[in-house]
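So this one's data-v6.txt, compact mmCIF, C-alpha atoms and all ligand atoms:
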# COMPACT_ATOMS: atom_id res chain seq x y z
CA MET A 1079 -110.32 96.03 77.57
CA THR A 1080 -111.04 94.34 74.26
CA ASP A 1081 -110.41 90.69 73.46
CA SER A 1082 -107.46 90.03 71.20
CA GLN A 1083 -108.07 88.14 67.98
CA LYS A 1084 -105.69 85.20 68.40
CA GLY A 1085 -103.34 84.98 65.44
CA LEU A 1086 -105.12 88.08 64.03
CA ALA A 1087 -107.53 85.61 62.38
CA GLY A 1088 -110.12 87.49 60.37
CA VAL A 1089 -108.47 90.88 61.03
CA THR A 1090 -107.98 93.18 58.04
CA ALA A 1091 -104.66 94.90 58.72
CA ALA A 1092 -103.72 96.58 55.42
CA ASP A 1093 -105.06 97.74 52.08
CA THR A 1094 -103.46 96.15 49.05
CA ALA A 1095 -103.96 96.28 45.29
CA LEU A 1096 -101.65 93.30 44.75
CA SER A 1097 -103.36 89.97 45.39
CA ARG A 1098 -106.90 89.08 46.40
CA ILE A 1099 -107.93 85.82 48.00
CA ASP A 1100 -111.49 84.53 48.08
CA GLY A 1101 -111.26 81.89 50.78
CA GLU A 1102 -114.87 80.74 50.43
CA GLU A 1103 -114.70 80.18 46.67
CA GLY A 1104 -111.05 79.11 46.57
CA ARG A 1105 -109.91 81.82 44.20
CA LEU A 1106 -106.73 83.87 43.97
CA PHE A 1107 -106.08 86.93 41.81
CA TYR A 1108 -102.93 88.93 41.07
CA CYS A 1109 -103.94 92.56 40.37
CA GLY A 1110 -107.37 91.38 39.22
CA TYR A 1111 -106.17 88.45 37.07
CA ASP A 1112 -107.27 84.95 38.05
CA ILE A 1113 -104.31 82.76 39.03
CA HIS A 1114 -105.40 79.93 36.68
CA PRO A 1115 -104.74 81.58 33.28
CA LEU A 1116 -101.66 83.26 34.71
CA ALA A 1117 -100.29 79.86 35.78
CA GLU A 1118 -101.38 78.02 32.65
CA GLN A 1119 -100.31 80.52 30.01
CA GLY A 1120 -98.07 83.08 31.71
CA SER A 1121 -94.67 83.11 33.36
CA PHE A 1122 -93.10 84.12 36.65
CA GLY A 1123 -91.51 87.20 35.04
CA GLU A 1124 -94.84 88.33 33.63
CA SER A 1125 -96.62 88.03 37.00
CA LEU A 1126 -93.73 89.76 38.73
CA TYR A 1127 -94.03 92.68 36.30
CA LEU A 1128 -97.78 92.73 36.91
CA LEU A 1129 -97.32 93.02 40.68
CA TRP A 1130 -94.66 95.70 40.43
CA TYR A 1131 -96.27 97.86 37.73
CA GLY A 1132 -99.97 96.97 38.09
CA GLU A 1133 -100.43 95.94 34.42
CA LEU A 1134 -99.47 92.95 32.29
CA PRO A 1135 -96.41 93.74 30.15
CA SER A 1136 -96.29 93.84 26.37
CA ARG A 1137 -93.87 91.33 24.85
CA MET A 1138 -91.30 94.11 24.41
CA ALA A 1139 -91.74 95.42 27.98
CA LEU A 1140 -91.34 91.88 29.37
CA THR A 1141 -88.15 91.30 27.36
CA VAL A 1142 -86.66 94.54 28.64
CA PHE A 1143 -87.77 93.82 32.22
CA GLU A 1144 -86.38 90.27 32.25
CA GLY A 1145 -83.18 91.49 30.62
CA LEU A 1146 -82.68 94.10 33.34
CA LEU A 1147 -83.29 91.52 36.06
CA ALA A 1148 -80.95 89.00 34.42
CA GLY A 1149 -78.25 91.69 34.35
CA GLU A 1150 -78.53 91.95 38.14
CA ARG A 1151 -78.12 88.19 38.63
CA ARG A 1152 -74.73 87.96 40.31
CA LEU A 1153 -72.97 87.00 43.51
CA PRO A 1154 -71.23 90.01 45.09
CA ALA A 1155 -67.77 89.16 46.47
CA GLU A 1156 -68.80 90.38 49.95
CA VAL A 1157 -71.73 87.95 50.03
CA GLU A 1158 -69.59 85.09 48.76
CA SER A 1159 -66.98 85.62 51.45
CA VAL A 1160 -69.62 85.72 54.21
CA LEU A 1161 -71.25 82.55 52.84
CA ARG A 1162 -67.84 80.87 52.76
CA ALA A 1163 -67.33 81.79 56.42
CA LEU A 1164 -70.56 80.12 57.59
CA PRO A 1165 -70.30 76.73 59.30
CA PRO A 1166 -71.08 74.00 56.73
CA GLU A 1167 -74.14 72.86 58.70
CA THR A 1168 -75.80 76.30 58.45
CA ALA A 1169 -79.43 75.86 57.39
CA PRO A 1170 -80.05 77.28 53.89
CA MET A 1171 -82.76 79.66 55.16
CA ALA A 1172 -80.37 81.00 57.80
CA ALA A 1173 -77.70 81.44 55.13
CA LEU A 1174 -80.22 83.28 52.95
CA LEU A 1175 -81.12 85.60 55.81
CA THR A 1176 -77.44 86.40 56.27
CA ALA A 1177 -76.94 86.93 52.53
CA VAL A 1178 -79.88 89.36 52.21
CA SER A 1179 -78.59 91.31 55.18
CA VAL A 1180 -75.16 91.61 53.53
CA LEU A 1181 -76.75 92.61 50.20
CA GLY A 1182 -78.37 95.51 52.06
CA GLN A 1183 -75.02 96.64 53.46
CA ILE A 1184 -73.34 96.87 50.07
CA ASP A 1185 -76.16 98.57 48.14
CA ALA A 1186 -75.53 102.32 47.91
CA ASP A 1187 -79.30 102.83 47.59
CA GLY A 1188 -79.91 100.70 50.71
CA PRO A 1189 -81.61 103.31 52.94
CA ASN A 1190 -83.40 105.18 50.11
CA ASN A 1191 -87.12 104.31 50.25
CA GLY A 1192 -88.14 106.35 47.18
CA PHE A 1193 -90.15 104.44 44.54
CA GLN A 1194 -87.38 104.46 41.91
CA ALA A 1195 -84.74 103.30 44.40
CA ASP A 1196 -87.10 100.67 45.82
CA ILE A 1197 -87.92 99.19 42.43
CA GLU A 1198 -84.25 99.05 41.43
CA LYS A 1199 -83.36 97.41 44.74
CA ALA A 1200 -86.28 95.01 44.31
CA GLY A 1201 -84.83 93.98 40.95
CA ARG A 1202 -81.46 93.35 42.54
CA ILE A 1203 -82.92 91.38 45.46
CA VAL A 1204 -85.13 89.14 43.30
CA SER A 1205 -82.22 88.49 40.94
CA MET A 1206 -79.59 87.85 43.59
CA ILE A 1207 -81.59 85.70 46.04
CA PRO A 1208 -81.51 82.65 43.70
CA VAL A 1209 -77.77 83.14 43.15
CA CYS A 1210 -77.21 83.26 46.92
CA VAL A 1211 -79.30 80.11 47.49
CA ALA A 1212 -77.38 78.20 44.82
CA ALA A 1213 -73.97 79.52 45.95
CA HIS A 1214 -74.53 78.53 49.57
CA HIS A 1215 -75.63 75.07 48.47
CA ARG A 1216 -72.49 74.57 46.37
CA LEU A 1217 -70.22 75.91 49.10
CA ARG A 1218 -71.62 73.58 51.75
CA LEU A 1219 -70.88 70.68 49.40
CA GLY A 1220 -67.28 71.91 49.16
CA LEU A 1221 -67.80 73.12 45.58
CA ASP A 1222 -67.32 76.55 44.05
CA PRO A 1223 -70.42 78.57 43.14
CA ILE A 1224 -71.42 78.48 39.47
CA GLU A 1225 -71.51 81.84 37.66
CA PRO A 1226 -74.99 82.98 36.65
CA ASP A 1227 -75.85 83.01 32.96
CA PRO A 1228 -77.98 86.07 32.09
CA ASP A 1229 -79.07 84.45 28.80
CA LEU A 1230 -81.12 81.87 30.70
CA SER A 1231 -84.45 82.36 32.46
CA LEU A 1232 -84.27 82.71 36.22
CA ALA A 1233 -85.73 79.21 36.76
CA GLU A 1234 -83.42 77.57 34.22
CA ASP A 1235 -80.37 79.34 35.61
CA LEU A 1236 -81.25 78.49 39.20
CA LEU A 1237 -81.46 74.77 38.44
CA ARG A 1238 -78.19 75.00 36.49
CA MET A 1239 -76.43 76.87 39.31
CA LEU A 1240 -77.60 74.24 41.80
CA THR A 1241 -76.73 71.12 39.83
CA GLY A 1242 -74.09 72.23 37.34
CA GLU A 1243 -76.26 70.90 34.50
CA ARG A 1244 -78.56 72.81 32.22
CA PRO A 1245 -82.09 71.55 32.85
CA ASP A 1246 -84.49 70.62 30.09
CA ASP A 1247 -87.48 72.72 29.18
CA VAL A 1248 -89.91 70.60 31.22
CA ALA A 1249 -87.95 71.08 34.44
CA SER A 1250 -87.35 74.83 34.01
CA LYS A 1251 -90.98 75.48 33.08
CA ALA A 1252 -92.12 73.49 36.12
CA LEU A 1253 -89.89 75.48 38.47
CA ASP A 1254 -91.02 78.73 36.85
CA LYS A 1255 -94.63 77.80 37.53
CA THR A 1256 -93.97 77.03 41.20
CA LEU A 1257 -92.28 80.44 41.55
CA LEU A 1258 -95.31 82.09 39.94
CA LEU A 1259 -97.69 80.26 42.29
CA TYR A 1260 -95.60 81.23 45.32
CA LEU A 1261 -95.23 84.87 44.25
CA ASP A 1262 -97.88 86.58 46.34
CA HIS A 1263 -100.67 85.65 48.69
CA GLY A 1264 -102.26 88.52 50.55
CA LEU A 1265 -101.20 89.23 54.09
CA ASN A 1266 -99.61 85.89 54.88
CA ALA A 1267 -97.24 85.79 57.88
CA SER A 1268 -94.01 86.61 56.01
CA THR A 1269 -95.58 89.38 53.93
CA PHE A 1270 -97.10 90.87 57.05
CA ALA A 1271 -93.68 90.74 58.71
CA CYS A 1272 -92.21 92.62 55.72
CA ARG A 1273 -94.93 95.25 55.88
CA VAL A 1274 -94.52 95.77 59.64
CA VAL A 1275 -90.79 96.36 59.18
CA ALA A 1276 -91.34 98.59 56.12
CA SER A 1277 -93.91 100.62 58.08
CA THR A 1278 -91.16 101.79 60.44
CA LEU A 1279 -89.52 103.21 57.28
CA ALA A 1280 -86.81 100.61 57.54
CA ASP A 1281 -85.49 99.81 54.07
CA LEU A 1282 -86.39 97.07 51.60
CA TYR A 1283 -83.51 94.81 52.61
CA ALA A 1284 -84.44 94.97 56.31
CA ALA A 1285 -88.05 94.18 55.41
CA ILE A 1286 -87.07 91.22 53.21
CA CYS A 1287 -84.90 89.85 56.03
CA ALA A 1288 -88.06 89.78 58.17
CA GLY A 1289 -89.88 87.95 55.38
CA VAL A 1290 -87.16 85.30 55.07
CA ALA A 1291 -87.17 84.76 58.84
CA ALA A 1292 -90.97 84.41 59.01
CA LEU A 1293 -91.07 82.09 56.00
CA SER A 1294 -88.61 79.65 57.55
CA GLY A 1295 -91.09 78.31 60.14
CA PRO A 1296 -92.88 74.98 59.58
CA LEU A 1297 -96.35 76.55 59.88
CA HIS A 1298 -95.51 78.73 56.86
CA GLY A 1299 -92.90 78.16 54.12
CA GLY A 1300 -91.14 75.42 56.02
CA ALA A 1301 -94.21 73.23 55.46
CA ASN A 1302 -93.09 72.14 51.97
CA GLU A 1303 -89.93 70.55 53.39
CA GLN A 1304 -91.83 69.02 56.31
CA ALA A 1305 -94.50 67.60 53.99
CA MET A 1306 -91.79 65.79 52.01
CA ARG A 1307 -90.15 64.51 55.19
CA MET A 1308 -93.54 63.13 56.21
CA LEU A 1309 -94.02 61.34 52.87
CA ASP A 1310 -90.52 59.89 53.19
CA ALA A 1311 -91.28 58.75 56.73
CA ILE A 1312 -94.54 57.08 55.64
CA GLY A 1313 -92.75 55.40 52.75
CA SER A 1314 -95.62 53.45 51.16
CA VAL A 1315 -99.37 53.67 50.59
CA ASP A 1316 -100.12 50.75 52.94
CA ARG A 1317 -98.62 52.70 55.87
CA VAL A 1318 -100.68 55.87 55.43
CA ASP A 1319 -103.50 54.93 57.79
CA ALA A 1320 -101.24 53.85 60.63
CA TYR A 1321 -99.21 57.04 60.30
CA LEU A 1322 -102.24 59.32 60.34
CA ASP A 1323 -103.80 57.39 63.24
CA ARG A 1324 -100.68 57.95 65.28
CA GLU A 1325 -100.09 61.61 64.39
CA LEU A 1326 -103.68 62.79 64.54
CA GLY A 1327 -104.25 60.70 67.67
CA ALA A 1328 -101.39 62.61 69.30
CA ASN A 1329 -102.95 65.91 68.10
CA ARG A 1330 -100.05 66.66 65.81
CA LYS A 1331 -100.49 68.74 62.65
CA ILE A 1332 -100.03 67.10 59.27
CA MET A 1333 -97.79 69.41 57.26
CA GLY A 1334 -99.12 70.71 53.96
CA PHE A 1335 -102.77 70.58 55.09
CA GLY A 1336 -105.10 73.28 56.30
CA HIS A 1337 -105.15 76.98 55.63
CA ARG A 1338 -106.06 80.08 57.57
CA VAL A 1339 -108.03 81.62 54.69
CA TYR A 1340 -109.23 78.86 52.32
CA ARG A 1341 -112.34 76.93 53.35
CA VAL A 1342 -112.15 74.96 50.08
CA GLU A 1343 -109.19 73.79 48.02
CA ASP A 1344 -106.29 76.22 47.65
CA PRO A 1345 -106.45 77.13 43.92
CA ARG A 1346 -102.67 76.80 43.64
CA ALA A 1347 -102.82 73.18 44.78
CA SER A 1348 -104.64 71.99 41.65
CA HIS A 1349 -101.75 73.14 39.42
CA LEU A 1350 -99.19 71.59 41.69
CA ARG A 1351 -101.09 68.29 41.96
CA ARG A 1352 -101.18 68.03 38.16
CA MET A 1353 -97.48 68.87 37.91
CA ALA A 1354 -96.63 66.37 40.67
CA GLU A 1355 -98.41 63.65 38.69
CA GLU A 1356 -96.78 64.59 35.37
CA LEU A 1357 -93.27 64.88 36.82
CA ASP A 1358 -93.36 61.86 39.14
CA GLY A 1359 -90.21 59.83 38.71
CA LEU A 1360 -88.36 62.43 36.66
CA HIS A 1361 -85.64 62.16 39.33
CA GLY A 1362 -85.45 59.07 41.51
CA GLU A 1363 -88.07 56.38 41.88
CA PRO A 1364 -91.67 57.09 40.82
CA GLY A 1365 -94.39 56.65 43.43
CA THR A 1366 -94.25 59.93 45.35
CA TYR A 1367 -97.40 61.13 43.63
CA GLU A 1368 -99.36 57.98 44.41
CA LEU A 1369 -98.33 58.19 48.05
CA ALA A 1370 -99.09 61.90 48.28
CA ARG A 1371 -102.51 61.32 46.75
CA ALA A 1372 -103.26 58.55 49.27
CA VAL A 1373 -102.36 60.84 52.19
CA GLU A 1374 -104.45 63.64 50.69
CA GLN A 1375 -107.51 61.41 50.35
CA ALA A 1376 -107.09 59.96 53.83
CA MET A 1377 -106.73 63.45 55.35
CA PHE A 1378 -109.89 64.61 53.65
CA ALA A 1379 -111.79 61.54 54.80
CA ARG A 1380 -110.64 61.93 58.40
CA LYS A 1381 -110.51 65.68 58.96
CA GLY A 1382 -112.19 67.27 55.94
CA LEU A 1383 -108.95 69.20 55.41
CA TYR A 1384 -107.63 70.19 51.99
CA CYS A 1385 -103.97 70.34 51.12
CA ASN A 1386 -102.33 73.74 50.67
CA VAL A 1387 -99.77 75.10 48.19
CA ASP A 1388 -96.85 73.51 50.00
CA TYR A 1389 -98.09 69.93 49.84
CA TYR A 1390 -97.76 69.04 46.15
CA CYS A 1391 -94.99 71.57 45.65
CA ALA A 1392 -92.92 69.23 47.80
CA SER A 1393 -93.48 66.37 45.33
CA VAL A 1394 -92.69 68.67 42.39
CA TYR A 1395 -89.39 69.77 43.94
CA ARG A 1396 -88.51 66.14 44.69
CA SER A 1397 -89.12 65.29 41.02
CA LEU A 1398 -86.90 68.20 39.97
CA GLY A 1399 -84.10 66.77 42.12
CA VAL A 1400 -84.07 69.71 44.54
CA PRO A 1401 -82.46 68.79 47.89
CA LEU A 1402 -85.00 68.68 50.75
CA ASP A 1403 -83.71 71.64 52.70
CA LEU A 1404 -83.78 73.86 49.61
CA PHE A 1405 -87.57 73.53 49.22
CA THR A 1406 -88.24 76.51 51.49
CA PRO A 1407 -85.47 78.69 50.00
CA LEU A 1408 -87.07 78.10 46.57
CA PHE A 1409 -90.34 79.31 48.04
CA ALA A 1410 -88.41 82.44 49.14
CA VAL A 1411 -87.07 82.90 45.59
CA GLY A 1412 -90.64 83.21 44.35
CA ARG A 1413 -92.15 85.07 47.30
CA ALA A 1414 -89.37 87.69 47.36
CA GLY A 1415 -91.08 89.36 44.39
CA GLY A 1416 -94.33 89.61 46.36
CA TRP A 1417 -92.55 90.82 49.49
CA ALA A 1418 -90.88 93.56 47.47
CA ALA A 1419 -94.21 94.59 45.94
CA HIS A 1420 -95.78 94.86 49.40
CA VAL A 1421 -92.86 96.85 50.79
CA MET A 1422 -93.14 99.31 47.88
CA GLU A 1423 -96.88 99.55 48.45
CA GLN A 1424 -96.31 100.21 52.16
CA HIS A 1425 -93.60 102.79 51.51
CA ARG A 1426 -95.84 104.62 49.02
CA ASP A 1427 -98.66 105.13 51.51
CA ASN A 1428 -97.23 104.52 54.93
CA ARG A 1429 -98.59 104.52 58.42
CA LEU A 1430 -96.71 102.79 61.23
CA ILE A 1431 -98.23 99.35 61.89
CA ARG A 1432 -98.61 99.26 65.63
CA PRO A 1433 -101.44 97.16 67.03
CA ARG A 1434 -102.12 96.77 70.74
CA ALA A 1435 -101.93 93.74 73.00
CA ARG A 1436 -104.51 92.68 75.55
CA TYR A 1437 -102.67 92.51 78.87
CA THR A 1438 -103.17 89.21 80.75
CA GLY A 1439 -100.45 89.51 83.44
CA ALA A 1440 -100.48 90.32 87.15
CA ASP A 1441 -102.45 93.23 88.59
CA GLU A 1442 -100.48 96.23 89.87
CA ARG A 1443 -98.27 95.30 92.83
CA PRO A 1444 -95.67 97.14 94.94
CA TYR A 1445 -91.98 96.92 94.07
CA VAL A 1446 -89.89 95.16 96.75
CA ARG A 1447 -86.17 96.02 96.96
CA ILE A 1448 -83.87 93.03 96.26
CA ASP A 1449 -82.44 92.99 99.82
CA GLN A 1450 -85.98 92.73 101.20
CA ARG A 1451 -87.07 89.78 99.02
CA ASN A 1452 -87.20 86.22 100.37
CA ASP A 1453 -84.56 83.82 99.02
N1 LIG B 1501 -103.28 68.77 60.51
C1 LIG B 1501 -104.19 68.39 61.41
N2 LIG B 1501 -105.15 69.18 61.90
C2 LIG B 1501 -105.18 70.43 61.41
C3 LIG B 1501 -104.28 70.90 60.46
C4 LIG B 1501 -103.30 70.01 59.99
N3 LIG B 1501 -102.41 70.38 59.10
N4 LIG B 1501 -104.55 72.19 60.16
C5 LIG B 1501 -105.60 72.51 60.91
N5 LIG B 1501 -105.99 71.46 61.66
C6 LIG B 1501 -107.09 71.43 62.63
C7 LIG B 1501 -106.60 71.92 63.97
O1 LIG B 1501 -106.14 70.89 64.79
C8 LIG B 1501 -107.85 72.57 64.52
O2 LIG B 1501 -108.72 71.55 64.97
P1 LIG B 1501 -109.62 71.78 66.29
O3 LIG B 1501 -110.52 72.92 65.94
O4 LIG B 1501 -110.30 70.46 66.44
O5 LIG B 1501 -108.66 72.12 67.38
C9 LIG B 1501 -108.50 73.18 63.29
O6 LIG B 1501 -108.05 72.37 62.18
C10 LIG B 1501 -108.09 74.63 63.06
O7 LIG B 1501 -106.67 74.68 63.04
P2 LIG B 1501 -105.79 75.94 63.43
O8 LIG B 1501 -104.39 75.54 63.64
O9 LIG B 1501 -106.47 76.70 64.54
O10 LIG B 1501 -105.94 76.81 62.13
P3 LIG B 1501 -105.09 78.07 61.79
O11 LIG B 1501 -105.90 78.87 60.87
O12 LIG B 1501 -104.58 78.74 63.01
O13 LIG B 1501 -103.79 77.44 61.09
C11 LIG B 1501 -102.34 76.54 59.57
C12 LIG B 1501 -103.59 77.36 59.75
C13 LIG B 1501 -101.20 77.11 60.41
C14 LIG B 1501 -101.92 76.58 58.11
C15 LIG B 1501 -102.64 75.08 60.00
O14 LIG B 1501 -103.62 74.52 59.16
C16 LIG B 1501 -101.41 74.23 60.01
O15 LIG B 1501 -100.66 74.23 61.00
N6 LIG B 1501 -101.11 73.48 58.90
C17 LIG B 1501 -99.92 72.69 58.82
C18 LIG B 1501 -98.74 73.56 58.41
C19 LIG B 1501 -98.81 74.00 56.97
O16 LIG B 1501 -99.10 73.22 56.07
N7 LIG B 1501 -98.50 75.29 56.74
C20 LIG B 1501 -98.49 75.88 55.42
C21 LIG B 1501 -99.65 76.82 55.27
S1 LIG B 1501 -99.72 77.53 53.65
C22 LIG B 1501 -98.40 78.57 53.60
O17 LIG B 1501 -97.94 79.07 54.56
C23 LIG B 1501 -97.78 78.84 52.31

Here is a file; write its structure as structure tokens.
Amino acid sequence: MTDSQKGLAGVTAADTALSRIDGEEGRLFYCGYDIHPLAEQGSFGESLYLLWYGELPSRMALTVFEGLLAGERRLPAEVESVLRALPPETAPMAALLTAVSVLGQIDADGPNNGFQADIEKAGRIVSMIPVCVAAHHRLRLGLDPIEPDPDLSLAEDLLRMLTGERPDDVASKALDKTLLLYLDHGLNASTFACRVVASTLADLYAAICAGVAALSGPLHGGANEQAMRMLDAIGSVDRVDAYLDRELGANRKIMGFGHRVYRVEDPRASHLRRMAEELDGLHGEPGTYELARAVEQAMFARKGLYCNVDYYCASVYRSLGVPLDLFTPLFAVGRAGGWAAHVMEQHRDNRLIRPRARYTGADERPYVRIDQRND
């Protein structure tokens, strides 16, 4: 009997041509392109195209691609009525899971796993997830959903559908960059969940449901919301040490720190730290950045741990005025493009993902009939 590798740490479980992580050097690549120039000079749509087609688009190809996606940005009546039927306290990630499941039921191409059908469905999913997130948010506030505007970029339209106001260029570009940075990241837990489901030849929608479910947990996508809750609970720089003493003393994890793969700083964090500093105070009181920086420095001094992508993204979303419990759904908006790329990759060259478990239970023992067992 072989030992299991707890949490599959260090196990290579799939081949992918999508993203590559160098955990020792702190580098991330999408299809061979370093994340830094992509984030500094590119856009979410461009990186999405790259992941789906393997090459950077020409200007014309990108315009056509984004136009097609914008044309799919809508809220089907069936999804709206299911969202309206949810209890108002339904968590946004749970609502999103429900919405994606309904989207799968009303797509005529739902069960078709061919490349053309998959890429068309991927376009619909990536375009409709932000509409679903915004619609559920409006409905739980007792407001009607706002119609998408295909003339706007996805990031701009998402902020408008959430708030009812057209955001400025700074805010939409910032959101676009967070979506780009969240787009893909190797075989993280949610992407692995998608690939496992896709490997059974279940369809794209079923696989994306698995991704949404896996992302919702606080050790994964839920960490951006929890990191912000922590900063709110700490409240001021002079309380950082006492907070960390208490939490670390009780062996509790500090959300937004640590990473399974990176041994140095997560390369996405540097972009988000800079954005968090630049945007601080755009909405609400300034000071979140200063506090976040103090916690980051104290965590490094105490545990030698670096922050991950979720940590400063929390401060960025706060500055953009995004409600706390929508932080993780916005992560899903970005990551959905990566999930779809992995599902297509799995469908193109499939083998059922079916690892084994090391059995640690009782040795073989005789069955005793119920009337012969002691009470
Ligand atoms: N706070 C305090 N200590 C930590 C943290 C943290 N955030 N992360 C790791 N450590 C410590 C652990 O206590 C452990 O110490 P020990 O060896 O003395 O017991 C050591 O570092 C290794 O930690 P593991 O949990 O075994 O590392 P693993 O690779 O399994 O977990 C994970 C990685 C889940 C990201 C972990 O660092 C964590 O829970 N972080 C907080 C949640 C978080 O921010 N998640 C987002 C990750 S990025 C993403 O999903 C997009």

Open item on the list: Could you check the closest approach to ligand LIG 1501 (chain B) for each of A:Thr1094, A:Gln1375, A:Ser1348, A:Asn1386 and tell me which residue wins, using only C-alpha atoms and all ligand atoms?
Closed with: A:Asn1386

TODO: Counting only C-alpha atoms and all ligand atoms, name the residues that have an atom within 6 Å of an atom of ligand LIG 1501 (chain B); the answer should be given as number ranges by chain.
DONE: A: 1297-1299, 1301, 1331-1338, 1386-1388

Would you place a box with edges along x, y and z of the file around all atoms of segment 1277-1286 of chain A listed there, add 5 Å to each of its six sides, and report the centre and edge lengths in Å to one decimal, as JSON?
{"center_x": -88.7, "center_y": 97.2, "center_z": 56.0, "size_x": 20.4, "size_y": 22.0, "size_z": 18.8}

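We find atom CA of Ile1286 of chain A and atom CA of Ala1305 of chain A to be spaced 24.8 Å apart.
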
TODO: Within 6 Å of Leu1261 of chain A, counting only C-alpha atoms, which residues show up once you throw out same-chain ones fewer than 2 positions away? Write them as a list in words, please.
DONE: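 So the residues in contact are Leu1257, Leu1258, Leu1259, Gly1412, Arg1413 and Gly1416 of chain A.
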
- [ ] Please provide as number ranges by chain all residues within 12 Å of Gly1192 of chain A, with the sequence filter that same-chain residues fewer than 6 positions apart are discarded (counting only C-alpha atoms).
- [x] A: 1198-1200, 1279-1282, 1421-1427

Task: Near-Arg1151 of chain A list (6 Å; all atoms listed in the file; drop same-chain fewer than 2 positions) as a ChimeraX atom specification - done: /A:1148-1149,1205-1206

Open item on the list: Between A:Pro1444, A:Gly1362, A:Pro1345, A:Pro1407, which residue has the minimum interatomic distance to Ala1212 of chain A, considering all atoms listed in the file?
Closed with: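 Closest residue, counting all atoms listed in the file: A:Pro1407.
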
Open item on the list: Taking all atoms listed in the file into account, name the residue in A:Arg1380, A:Gly1399, A:Ala1320, A:Leu1430 that is nearest to Ala1091 of chain A.
Closed with: A:Leu1430

For Pro1165 of chain A, work out the shell of residues within 12 Å, counting only C-alpha atoms and skipping chain neighbours fewer than 5 positions away, then give it as a PDB file with C-alpha atoms, in the frame of the given file.
ATOM      1  CA  VAL A1160     -69.620  85.720  54.210  1.00  0.00           C
ATOM      2  CA  PRO A1170     -80.050  77.280  53.890  1.00  0.00           C
ATOM      3  CA  ALA A1172     -80.370  81.000  57.800  1.00  0.00           C
ATOM      4  CA  ALA A1173     -77.700  81.440  55.130  1.00  0.00           C
ATOM      5  CA  HIS A1214     -74.530  78.530  49.570  1.00  0.00           C
ATOM      6  CA  LEU A1217     -70.220  75.910  49.100  1.00  0.00           C
ATOM      7  CA  ARG A1218     -71.620  73.580  51.750  1.00  0.00           C
ATOM      8  CA  LEU A1219     -70.880  70.680  49.400  1.00  0.00           C
ATOM      9  CA  GLY A1220     -67.280  71.910  49.160  1.00  0.00           C
TER      10      GLY A1220
END

Restrict the calculation to only C-alpha atoms, then for each residue of segment 1274-1353 of chain A with any atom at most 12 Å from an atom of segment 1106-1109 of chain A give the closest atom pair and their distance in Å to one decimal, rows by chain and rising residue number, as CSV.
residue,atom,partner,partner_atom,distance
A:Val1339,CA,A:Leu1106,CA,11.0
A:Tyr1340,CA,A:Leu1106,CA,10.1
A:Glu1343,CA,A:Leu1106,CA,11.1
A:Asp1344,CA,A:Leu1106,CA,8.5
A:Pro1345,CA,A:Leu1106,CA,6.7
A:Arg1346,CA,A:Leu1106,CA,8.2
A:Ala1347,CA,A:Leu1106,CA,11.4

Open item on the list: Which residue is closest to Leu1408 of chain A? Choose from A:Leu1253, A:Leu1129, A:Ala1095, A:Ile1224 and count all atoms listed in the file.
Closed with: A:Leu1253

Open item on the list: One decimal, in Å: what's the spacing between atom CA of Pro1228 of chain A and atom CA of Glu1118 of chain A?
Closed with: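 Spanning atom CA of Pro1228 of chain A to atom CA of Glu1118 of chain A is a straight-line distance of 24.8 Å.
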
- [ ] Take atom CA of Ala1276 of chain A and atom CA of Tyr1437 of chain A and report the distance between them in Å, one decimal.
- [x] 26.1 Å

Task: Residue with smallest distance to Met1377 of chain A - pool A:Leu1322, A:Leu1309, A:Leu1181, A:Ile1113, counting all atoms listed in the file - done: A:Leu1322

Open item on the list: I need the residue nearest Leu1402 of chain A from this list: A:Asp1246, A:Glu1303, A:Asp1310, A:Glu1368. Use all atoms listed in the file for the distance.
Closed with: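 Selected residue with least distance to Leu1402 of chain A: A:Glu1303.
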
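The protein and nucleic acid residues lying at most 12 Å from Glu1133 of chain A are A:Ala1095, A:Leu1096, A:Tyr1108, A:Cys1109, A:Gly1110, A:Tyr1111, A:Glu1124, A:Ser1125, A:Leu1126, A:Tyr1127, A:Ala1139, A:Leu1140, with all atoms listed in the file considered and sequence neighbours fewer than 6 positions away removed.
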
- [ ] Just give me the residues with any atom within 8 Å of (-94.1, 86.0, 54.3), file coordinates, counting all atoms listed in the file, written as JSON, numbers by chain.
- [x] {"A": [1265, 1266, 1267, 1268, 1269, 1270, 1271, 1272, 1289, 1290, 1292, 1293, 1298, 1299, 1413, 1417]}
